[in-house]
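Everything below concerns the one structure shown next.
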Amino acid sequence: MEISAVFITYNEERRLEPALKSVANIASEIIIVDSLSTDETLKIARKYTNKIFERKWTNFADQKNFANCQASCPWILSLDADERISPELRQEIAELKKGEPLCSAFSIPRKVFYLGKWIRHSGWYPDRKLRLFRRDRARWEGDYVHEDLVVRGRVEKLKGSIHHFTYRSIADHLARINKFSDLGAQKLYAQKKQCRFYHLVFLPFSRFIKTFFLKLGFLDGFAGLVISVLTSYAIFIRYAKLREIW
């Protein structure tokens, strides 16, 4: 089992190197597709690979599909710059590399480090993602915010986690919500969706209840409260922006 580790990047000088270090011993090659970074991202990348491709940003799915096409190994390990392979996951993958799995992909739990602690509830864990897959049996799809991997064939589960260092602070979290709510509103508008009173009042409130209580966010303490509030806010602002577009 030969694996290509694949990343798409843009101005990731602060987060990229730990991600590259985490895959250095399990990937036969590292592929980086960069969207014309203006910081030290490429300088850092060149320390780990010479397979670097600069490409103007299109969307997440298209960038990742292009990156996969540059890989020479039959298996792809797709990561973001703010993700790391945990020691447990590295060991599992090392065992897989001794043979040739019969499935088409593996789903991997993702654990987020947020506000100084690992989040184990709040709907953020286990948050399984399809990140290890056969290149010829999978393709990313999606035009706006969240890309999805469509796989042909059987999917199996791994136990080790991807460690996700997604938000540096509450301010960073809010900035990301602002960015992605723009894209989310545009997607809803393209689908001819309308903003209703329900979307602005009841849907955010119900999402808070679901995240904080049903998903046990309260067990994550202060971080769980922040996650629950901002998750509901993200829904509110997405639909508010949809109404603004109309």
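Residues in the structure tokens are named by chain (A, B, ... in the order shown) and by number from 1 within that chain; ligands are numbered from 1 in the order shown.
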Residue neighbourhood Asp172 in chain A, 12 Å, only C-alpha atoms, exclusion window fewer than 5 positions, as a list in words: Tyr114, Leu115, Phe165, Thr166, Tyr167, Ile177, Asn178, Lys179 and Leu230 of chain A
I need the chosen residues saved as a compact mmCIF listing (two decimals), in the first residue's frame, with all heavy atoms.
# COMPACT_ATOMS: atom_id res chain seq x y z
N TYR A 114 -9.55 23.05 21.02
CA TYR A 114 -10.21 24.36 20.98
C TYR A 114 -10.24 24.98 22.37
O TYR A 114 -10.60 24.30 23.35
CB TYR A 114 -11.63 24.19 20.45
CG TYR A 114 -12.42 25.47 20.28
CD1 TYR A 114 -12.04 26.44 19.37
CD2 TYR A 114 -13.58 25.69 21.03
CE1 TYR A 114 -12.78 27.60 19.21
CE2 TYR A 114 -14.33 26.84 20.86
CZ TYR A 114 -13.91 27.80 19.95
OH TYR A 114 -14.65 28.95 19.79
N LEU A 115 -9.83 26.22 22.47
CA LEU A 115 -9.81 26.96 23.74
C LEU A 115 -9.07 26.18 24.83
O LEU A 115 -9.50 26.09 25.98
CB LEU A 115 -11.23 27.30 24.19
CG LEU A 115 -12.01 28.26 23.27
CD1 LEU A 115 -13.39 28.54 23.84
CD2 LEU A 115 -11.24 29.55 23.05
N PHE A 165 -6.53 21.41 14.61
CA PHE A 165 -6.28 22.68 15.29
C PHE A 165 -6.91 23.79 14.46
O PHE A 165 -6.23 24.59 13.82
CB PHE A 165 -4.78 22.89 15.46
CG PHE A 165 -4.13 21.84 16.32
CD1 PHE A 165 -3.72 20.62 15.77
CD2 PHE A 165 -3.96 22.03 17.68
CE1 PHE A 165 -3.13 19.64 16.56
CE2 PHE A 165 -3.38 21.05 18.48
CZ PHE A 165 -2.97 19.85 17.91
N THR A 166 -8.23 23.83 14.49
CA THR A 166 -8.97 24.63 13.51
C THR A 166 -9.03 26.11 13.83
O THR A 166 -8.83 26.94 12.96
CB THR A 166 -10.38 24.06 13.33
OG1 THR A 166 -11.09 24.85 12.38
CG2 THR A 166 -11.16 24.03 14.64
N TYR A 167 -9.32 26.50 15.08
CA TYR A 167 -9.48 27.91 15.43
C TYR A 167 -8.45 28.30 16.48
O TYR A 167 -8.33 27.64 17.52
CB TYR A 167 -10.88 28.18 15.98
CG TYR A 167 -12.00 27.75 15.06
CD1 TYR A 167 -12.92 26.78 15.47
CD2 TYR A 167 -12.13 28.29 13.78
CE1 TYR A 167 -13.96 26.38 14.64
CE2 TYR A 167 -13.15 27.88 12.94
CZ TYR A 167 -14.05 26.93 13.37
OH TYR A 167 -15.07 26.52 12.54
N ILE A 177 -16.61 32.02 10.64
CA ILE A 177 -18.06 31.98 10.46
C ILE A 177 -18.50 33.05 9.47
O ILE A 177 -19.34 32.81 8.60
CB ILE A 177 -18.77 32.17 11.82
CG1 ILE A 177 -18.63 30.92 12.68
CG2 ILE A 177 -20.26 32.49 11.61
CD1 ILE A 177 -19.17 31.07 14.08
N ASN A 178 -17.91 34.24 9.59
CA ASN A 178 -18.27 35.33 8.68
C ASN A 178 -17.94 34.96 7.23
O ASN A 178 -18.75 35.18 6.31
CB ASN A 178 -17.53 36.60 9.08
CG ASN A 178 -17.98 37.81 8.29
OD1 ASN A 178 -19.17 38.07 8.15
ND2 ASN A 178 -17.02 38.55 7.76
N LYS A 179 -16.77 34.36 7.04
CA LYS A 179 -16.36 33.97 5.69
C LYS A 179 -17.26 32.89 5.11
O LYS A 179 -17.77 33.00 3.99
CB LYS A 179 -14.91 33.47 5.72
CG LYS A 179 -14.42 32.91 4.40
CD LYS A 179 -13.01 32.35 4.55
CE LYS A 179 -12.53 31.69 3.26
NZ LYS A 179 -11.16 31.11 3.41
N LEU A 230 -21.94 29.72 19.13
CA LEU A 230 -21.45 30.12 17.81
C LEU A 230 -22.01 29.23 16.70
O LEU A 230 -22.17 29.68 15.57
CB LEU A 230 -19.93 30.13 17.79
CG LEU A 230 -19.26 31.18 18.68
CD1 LEU A 230 -17.75 31.23 18.43
CD2 LEU A 230 -19.87 32.56 18.46
8 Å contact set for range 203-206 of chain A, only C-alpha atoms, chain neighbours under 6 positions out, as a ChimeraX atom specification: /A:231-233,235-236
Taking only C-alpha atoms into account, which of A:Ile30, A:Ile245, A:Ile237, A:Ala94 comes nearest Lys192 in chain A?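 Answer, going by the shortest atom-to-atom distance: A:Ile245.
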With only C-alpha atoms as the basis for distance, which of A:Phe60, A:Ile119, A:Ile85, A:Trp75 is at the shortest distance from Leu183 in chain A?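 With only C-alpha atoms as the atom set, the closest residue is A:Phe60.
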With DSSP run on the backbone, what are the strand (DSSP E or B) residues within range 18-201 of chain A? I'd like them as JSON, numbers by chain. {"A": [29, 30, 31, 32, 33, 34, 52, 53, 54, 75, 76, 77, 78, 79, 83, 84, 85, 105, 106, 107, 108, 110, 111, 112, 113, 114, 117, 118, 119, 129, 130, 131, 132, 133, 134, 138, 139, 140, 141, 148, 149, 150, 151, 155, 156, 157, 162, 163, 164]}
If you run DSSP on the backbone here, which positions in range 111-199 of chain A get helix (DSSP H, G or I)? Please write them as a PyMOL selection string. chain A and resi 135-137+170-190+197-199
Take the residues from that selection and write them out as a PDB file, in the first residue's frame, keeping N, CA and C atoms.
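Writing done, so here's result02.pdb:
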ATOM      1  N   ARG A 135      -7.281   6.431  -5.006  1.00  0.00           N
ATOM      2  CA  ARG A 135      -7.375   7.568  -5.916  1.00  0.00           C
ATOM      3  C   ARG A 135      -8.344   7.320  -7.064  1.00  0.00           C
ATOM      4  N   ASP A 136      -8.437   6.076  -7.523  1.00  0.00           N
ATOM      5  CA  ASP A 136      -9.277   5.778  -8.679  1.00  0.00           C
ATOM      6  C   ASP A 136     -10.726   5.467  -8.310  1.00  0.00           C
ATOM      7  N   ARG A 137     -11.071   5.535  -7.020  1.00  0.00           N
ATOM      8  CA  ARG A 137     -12.431   5.205  -6.605  1.00  0.00           C
ATOM      9  C   ARG A 137     -13.109   6.328  -5.822  1.00  0.00           C
ATOM     10  N   ILE A 170     -11.444  32.649  19.780  1.00  0.00           N
ATOM     11  CA  ILE A 170     -12.851  32.932  19.488  1.00  0.00           C
ATOM     12  C   ILE A 170     -12.947  33.919  18.332  1.00  0.00           C
ATOM     13  N   ALA A 171     -12.051  34.905  18.301  1.00  0.00           N
ATOM     14  CA  ALA A 171     -12.054  35.882  17.208  1.00  0.00           C
ATOM     15  C   ALA A 171     -11.823  35.197  15.860  1.00  0.00           C
ATOM     16  N   ASP A 172     -10.906  34.240  15.832  1.00  0.00           N
ATOM     17  CA  ASP A 172     -10.643  33.492  14.606  1.00  0.00           C
ATOM     18  C   ASP A 172     -11.868  32.675  14.218  1.00  0.00           C
ATOM     19  N   HIS A 173     -12.527  32.082  15.202  1.00  0.00           N
ATOM     20  CA  HIS A 173     -13.746  31.314  14.960  1.00  0.00           C
ATOM     21  C   HIS A 173     -14.816  32.201  14.331  1.00  0.00           C
ATOM     22  N   LEU A 174     -15.003  33.391  14.896  1.00  0.00           N
ATOM     23  CA  LEU A 174     -15.997  34.327  14.368  1.00  0.00           C
ATOM     24  C   LEU A 174     -15.650  34.768  12.946  1.00  0.00           C
ATOM     25  N   ALA A 175     -14.367  34.997  12.697  1.00  0.00           N
ATOM     26  CA  ALA A 175     -13.940  35.411  11.355  1.00  0.00           C
ATOM     27  C   ALA A 175     -14.246  34.320  10.341  1.00  0.00           C
ATOM     28  N   ARG A 176     -14.025  33.070  10.743  1.00  0.00           N
ATOM     29  CA  ARG A 176     -14.306  31.952   9.844  1.00  0.00           C
ATOM     30  C   ARG A 176     -15.808  31.809   9.594  1.00  0.00           C
ATOM     31  N   ILE A 177     -16.607  32.018  10.635  1.00  0.00           N
ATOM     32  CA  ILE A 177     -18.062  31.979  10.463  1.00  0.00           C
ATOM     33  C   ILE A 177     -18.496  33.054   9.472  1.00  0.00           C
ATOM     34  N   ASN A 178     -17.910  34.235   9.586  1.00  0.00           N
ATOM     35  CA  ASN A 178     -18.266  35.326   8.682  1.00  0.00           C
ATOM     36  C   ASN A 178     -17.943  34.963   7.232  1.00  0.00           C
ATOM     37  N   LYS A 179     -16.773  34.355   7.035  1.00  0.00           N
ATOM     38  CA  LYS A 179     -16.361  33.968   5.686  1.00  0.00           C
ATOM     39  C   LYS A 179     -17.264  32.886   5.109  1.00  0.00           C
ATOM     40  N   PHE A 180     -17.480  31.822   5.885  1.00  0.00           N
ATOM     41  CA  PHE A 180     -18.239  30.694   5.355  1.00  0.00           C
ATOM     42  C   PHE A 180     -19.740  30.968   5.286  1.00  0.00           C
ATOM     43  N   SER A 181     -20.230  31.895   6.111  1.00  0.00           N
ATOM     44  CA  SER A 181     -21.647  32.247   6.006  1.00  0.00           C
ATOM     45  C   SER A 181     -21.916  32.991   4.698  1.00  0.00           C
ATOM     46  N   ASP A 182     -20.932  33.736   4.208  1.00  0.00           N
ATOM     47  CA  ASP A 182     -21.063  34.356   2.880  1.00  0.00           C
ATOM     48  C   ASP A 182     -21.271  33.282   1.820  1.00  0.00           C
ATOM     49  N   LEU A 183     -20.399  32.268   1.833  1.00  0.00           N
ATOM     50  CA  LEU A 183     -20.491  31.195   0.849  1.00  0.00           C
ATOM     51  C   LEU A 183     -21.769  30.393   1.026  1.00  0.00           C
ATOM     52  N   GLY A 184     -22.156  30.155   2.285  1.00  0.00           N
ATOM     53  CA  GLY A 184     -23.375  29.401   2.544  1.00  0.00           C
ATOM     54  C   GLY A 184     -24.611  30.126   2.048  1.00  0.00           C
ATOM     55  N   ALA A 185     -24.644  31.440   2.255  1.00  0.00           N
ATOM     56  CA  ALA A 185     -25.775  32.238   1.784  1.00  0.00           C
ATOM     57  C   ALA A 185     -25.838  32.246   0.258  1.00  0.00           C
ATOM     58  N   GLN A 186     -24.682  32.331  -0.385  1.00  0.00           N
ATOM     59  CA  GLN A 186     -24.644  32.309  -1.848  1.00  0.00           C
ATOM     60  C   GLN A 186     -25.141  30.966  -2.388  1.00  0.00           C
ATOM     61  N   LYS A 187     -24.780  29.887  -1.695  1.00  0.00           N
ATOM     62  CA  LYS A 187     -25.243  28.567  -2.124  1.00  0.00           C
ATOM     63  C   LYS A 187     -26.759  28.463  -1.999  1.00  0.00           C
ATOM     64  N   LEU A 188     -27.322  28.936  -0.887  1.00  0.00           N
ATOM     65  CA  LEU A 188     -28.774  28.908  -0.699  1.00  0.00           C
ATOM     66  C   LEU A 188     -29.481  29.764  -1.746  1.00  0.00           C
ATOM     67  N   TYR A 189     -28.894  30.898  -2.051  1.00  0.00           N
ATOM     68  CA  TYR A 189     -29.483  31.787  -3.065  1.00  0.00           C
ATOM     69  C   TYR A 189     -29.471  31.120  -4.443  1.00  0.00           C
ATOM     70  N   ALA A 190     -28.361  30.443  -4.759  1.00  0.00           N
ATOM     71  CA  ALA A 190     -28.266  29.744  -6.046  1.00  0.00           C
ATOM     72  C   ALA A 190     -29.311  28.639  -6.148  1.00  0.00           C
ATOM     73  N   PHE A 197     -38.880  33.389   8.810  1.00  0.00           N
ATOM     74  CA  PHE A 197     -38.796  33.713  10.230  1.00  0.00           C
ATOM     75  C   PHE A 197     -38.247  32.535  11.028  1.00  0.00           C
ATOM     76  N   TYR A 198     -38.650  31.343  10.637  1.00  0.00           N
ATOM     77  CA  TYR A 198     -38.196  30.119  11.292  1.00  0.00           C
ATOM     78  C   TYR A 198     -36.672  29.995  11.267  1.00  0.00           C
ATOM     79  N   HIS A 199     -36.063  30.359  10.127  1.00  0.00           N
ATOM     80  CA  HIS A 199     -34.616  30.235   9.973  1.00  0.00           C
ATOM     81  C   HIS A 199     -33.850  31.188  10.882  1.00  0.00           C
TER      82      HIS A 199
END
For Glu12 in chain A, which residue out of A:Gln63, A:Ser28, A:Ser37, A:Thr49 is the nearest one, using only C-alpha atoms?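 Nearest to Glu12 in chain A: A:Ser37.
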Could you check how far CA of Ile76 in chain A sits from CA of Leu36 in chain A, in Å to one decimal?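 Between these atoms lies a distance of 23.0 Å.
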So the first atom is CA of Tyr10 in chain A and the second is CA of Lys51 in chain A; what is the distance between them in Å, to one decimal place? 15.8 Å
Taking 6 positions as the minimum chain separation for residues in the same chain, which residues sit within 9 Å of Ser35 in chain A when counting only C-alpha atoms? Answer as a PyMOL selection string. chain A and resi 8-11+53-58+63
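Of note, CA of Ile31 in chain A and CA of Lys64 in chain A are spaced 10.5 Å apart.
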Shortest interatomic distance to Lys193 in chain A - which of A:Tyr239, A:Ile3, A:Arg14, A:Asp82, counting only C-alpha atoms: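 Of A:Tyr239, A:Ile3, A:Arg14, A:Asp82, the one nearest Lys193 in chain A, counting only C-alpha atoms, is A:Tyr239.
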Spatial neighbours of Arg139 in chain A, max dist 9 Å, only C-alpha atoms, sep filter under 3 positions, as a count of residues only: 10
Any idea what's packed within 12 Å of Asn50 in chain A, counting only C-alpha atoms, ignoring anything in its chain fewer than 5 positions away? Could you give it as a VMD selection string? chain A and resid 29 to 33 42 to 45
Extract, using only C-alpha atoms, all DNA, RNA and protein residues at most 12 Å from Arg134 in chain A, discarding same-chain residues fewer than 6 positions from it, and format them as a VMD selection string. chain A and resid 1 to 4 68 to 69 71 to 78 100 to 106 149 to 155
Hey, can you spit out that residue selection with N, CA and C atoms as a short mmCIF file (atom, residue, chain, number, x, y, z; two decimals), in the first residue's frame?
data_model
loop_
_atom_site.label_atom_id
_atom_site.label_comp_id
_atom_site.auth_asym_id
_atom_site.auth_seq_id
_atom_site.Cartn_x
_atom_site.Cartn_y
_atom_site.Cartn_z
N MET A 1 0.85 -1.19 0.00
CA MET A 1 0.00 0.00 0.00
C MET A 1 0.89 1.24 0.00
N GLU A 2 0.86 1.98 -1.09
CA GLU A 2 1.65 3.20 -1.21
C GLU A 2 0.71 4.40 -1.11
N ILE A 3 1.12 5.40 -0.34
CA ILE A 3 0.25 6.53 -0.02
C ILE A 3 0.88 7.85 -0.44
N SER A 4 0.07 8.69 -1.09
CA SER A 4 0.45 10.09 -1.35
C SER A 4 -0.31 10.97 -0.36
N ASN A 68 -5.23 15.60 -6.22
CA ASN A 68 -5.23 14.13 -6.30
C ASN A 68 -4.68 13.64 -7.63
N CYS A 69 -4.95 14.39 -8.69
CA CYS A 69 -4.48 14.00 -10.02
C CYS A 69 -2.96 14.09 -10.15
N ALA A 71 -0.92 13.06 -7.82
CA ALA A 71 -0.33 11.98 -7.02
C ALA A 71 0.00 10.78 -7.89
N SER A 72 1.05 10.08 -7.52
CA SER A 72 1.46 8.89 -8.27
C SER A 72 1.13 7.59 -7.54
N CYS A 73 0.76 7.69 -6.27
CA CYS A 73 0.44 6.48 -5.49
C CYS A 73 -1.05 6.15 -5.61
N PRO A 74 -1.40 4.88 -5.46
CA PRO A 74 -2.82 4.48 -5.59
C PRO A 74 -3.69 4.96 -4.44
N TRP A 75 -3.10 5.22 -3.28
CA TRP A 75 -3.86 5.67 -2.12
C TRP A 75 -3.55 7.13 -1.80
N ILE A 76 -4.59 7.87 -1.42
CA ILE A 76 -4.46 9.29 -1.07
C ILE A 76 -4.78 9.47 0.41
N LEU A 77 -3.93 10.22 1.11
CA LEU A 77 -4.23 10.69 2.45
C LEU A 77 -4.39 12.20 2.33
N SER A 78 -5.64 12.67 2.43
CA SER A 78 -5.96 14.08 2.20
C SER A 78 -6.11 14.80 3.54
N GLU A 100 -2.41 -4.76 1.24
CA GLU A 100 -3.20 -3.98 0.29
C GLU A 100 -4.67 -4.13 0.68
N PRO A 101 -5.25 -3.11 1.32
CA PRO A 101 -6.65 -3.19 1.76
C PRO A 101 -7.59 -3.46 0.60
N LEU A 102 -8.66 -4.20 0.89
CA LEU A 102 -9.64 -4.54 -0.14
C LEU A 102 -10.74 -3.50 -0.27
N CYS A 103 -10.84 -2.58 0.70
CA CYS A 103 -11.88 -1.55 0.65
C CYS A 103 -11.44 -0.40 -0.24
N SER A 104 -12.36 0.57 -0.43
CA SER A 104 -12.06 1.73 -1.26
C SER A 104 -11.62 2.94 -0.46
N ALA A 105 -11.99 2.99 0.83
CA ALA A 105 -11.67 4.16 1.64
C ALA A 105 -11.79 3.81 3.12
N PHE A 106 -11.23 4.69 3.94
CA PHE A 106 -11.34 4.58 5.39
C PHE A 106 -11.89 5.88 5.96
N LEU A 149 -16.51 13.87 -0.21
CA LEU A 149 -15.83 12.84 -0.98
C LEU A 149 -16.83 11.75 -1.34
N VAL A 150 -17.01 11.53 -2.62
CA VAL A 150 -17.90 10.48 -3.11
C VAL A 150 -17.05 9.27 -3.45
N VAL A 151 -17.36 8.14 -2.81
CA VAL A 151 -16.53 6.94 -2.93
C VAL A 151 -17.32 5.81 -3.58
N ARG A 152 -16.70 5.11 -4.49
CA ARG A 152 -17.28 3.90 -5.08
C ARG A 152 -16.66 2.69 -4.38
N GLY A 153 -17.50 1.95 -3.66
CA GLY A 153 -16.99 0.78 -2.97
C GLY A 153 -17.14 0.86 -1.47
N ARG A 154 -16.59 -0.13 -0.80
CA ARG A 154 -16.77 -0.27 0.65
C ARG A 154 -15.87 0.68 1.43
N VAL A 155 -16.41 1.21 2.53
CA VAL A 155 -15.66 2.09 3.43
C VAL A 155 -15.51 1.40 4.77
#
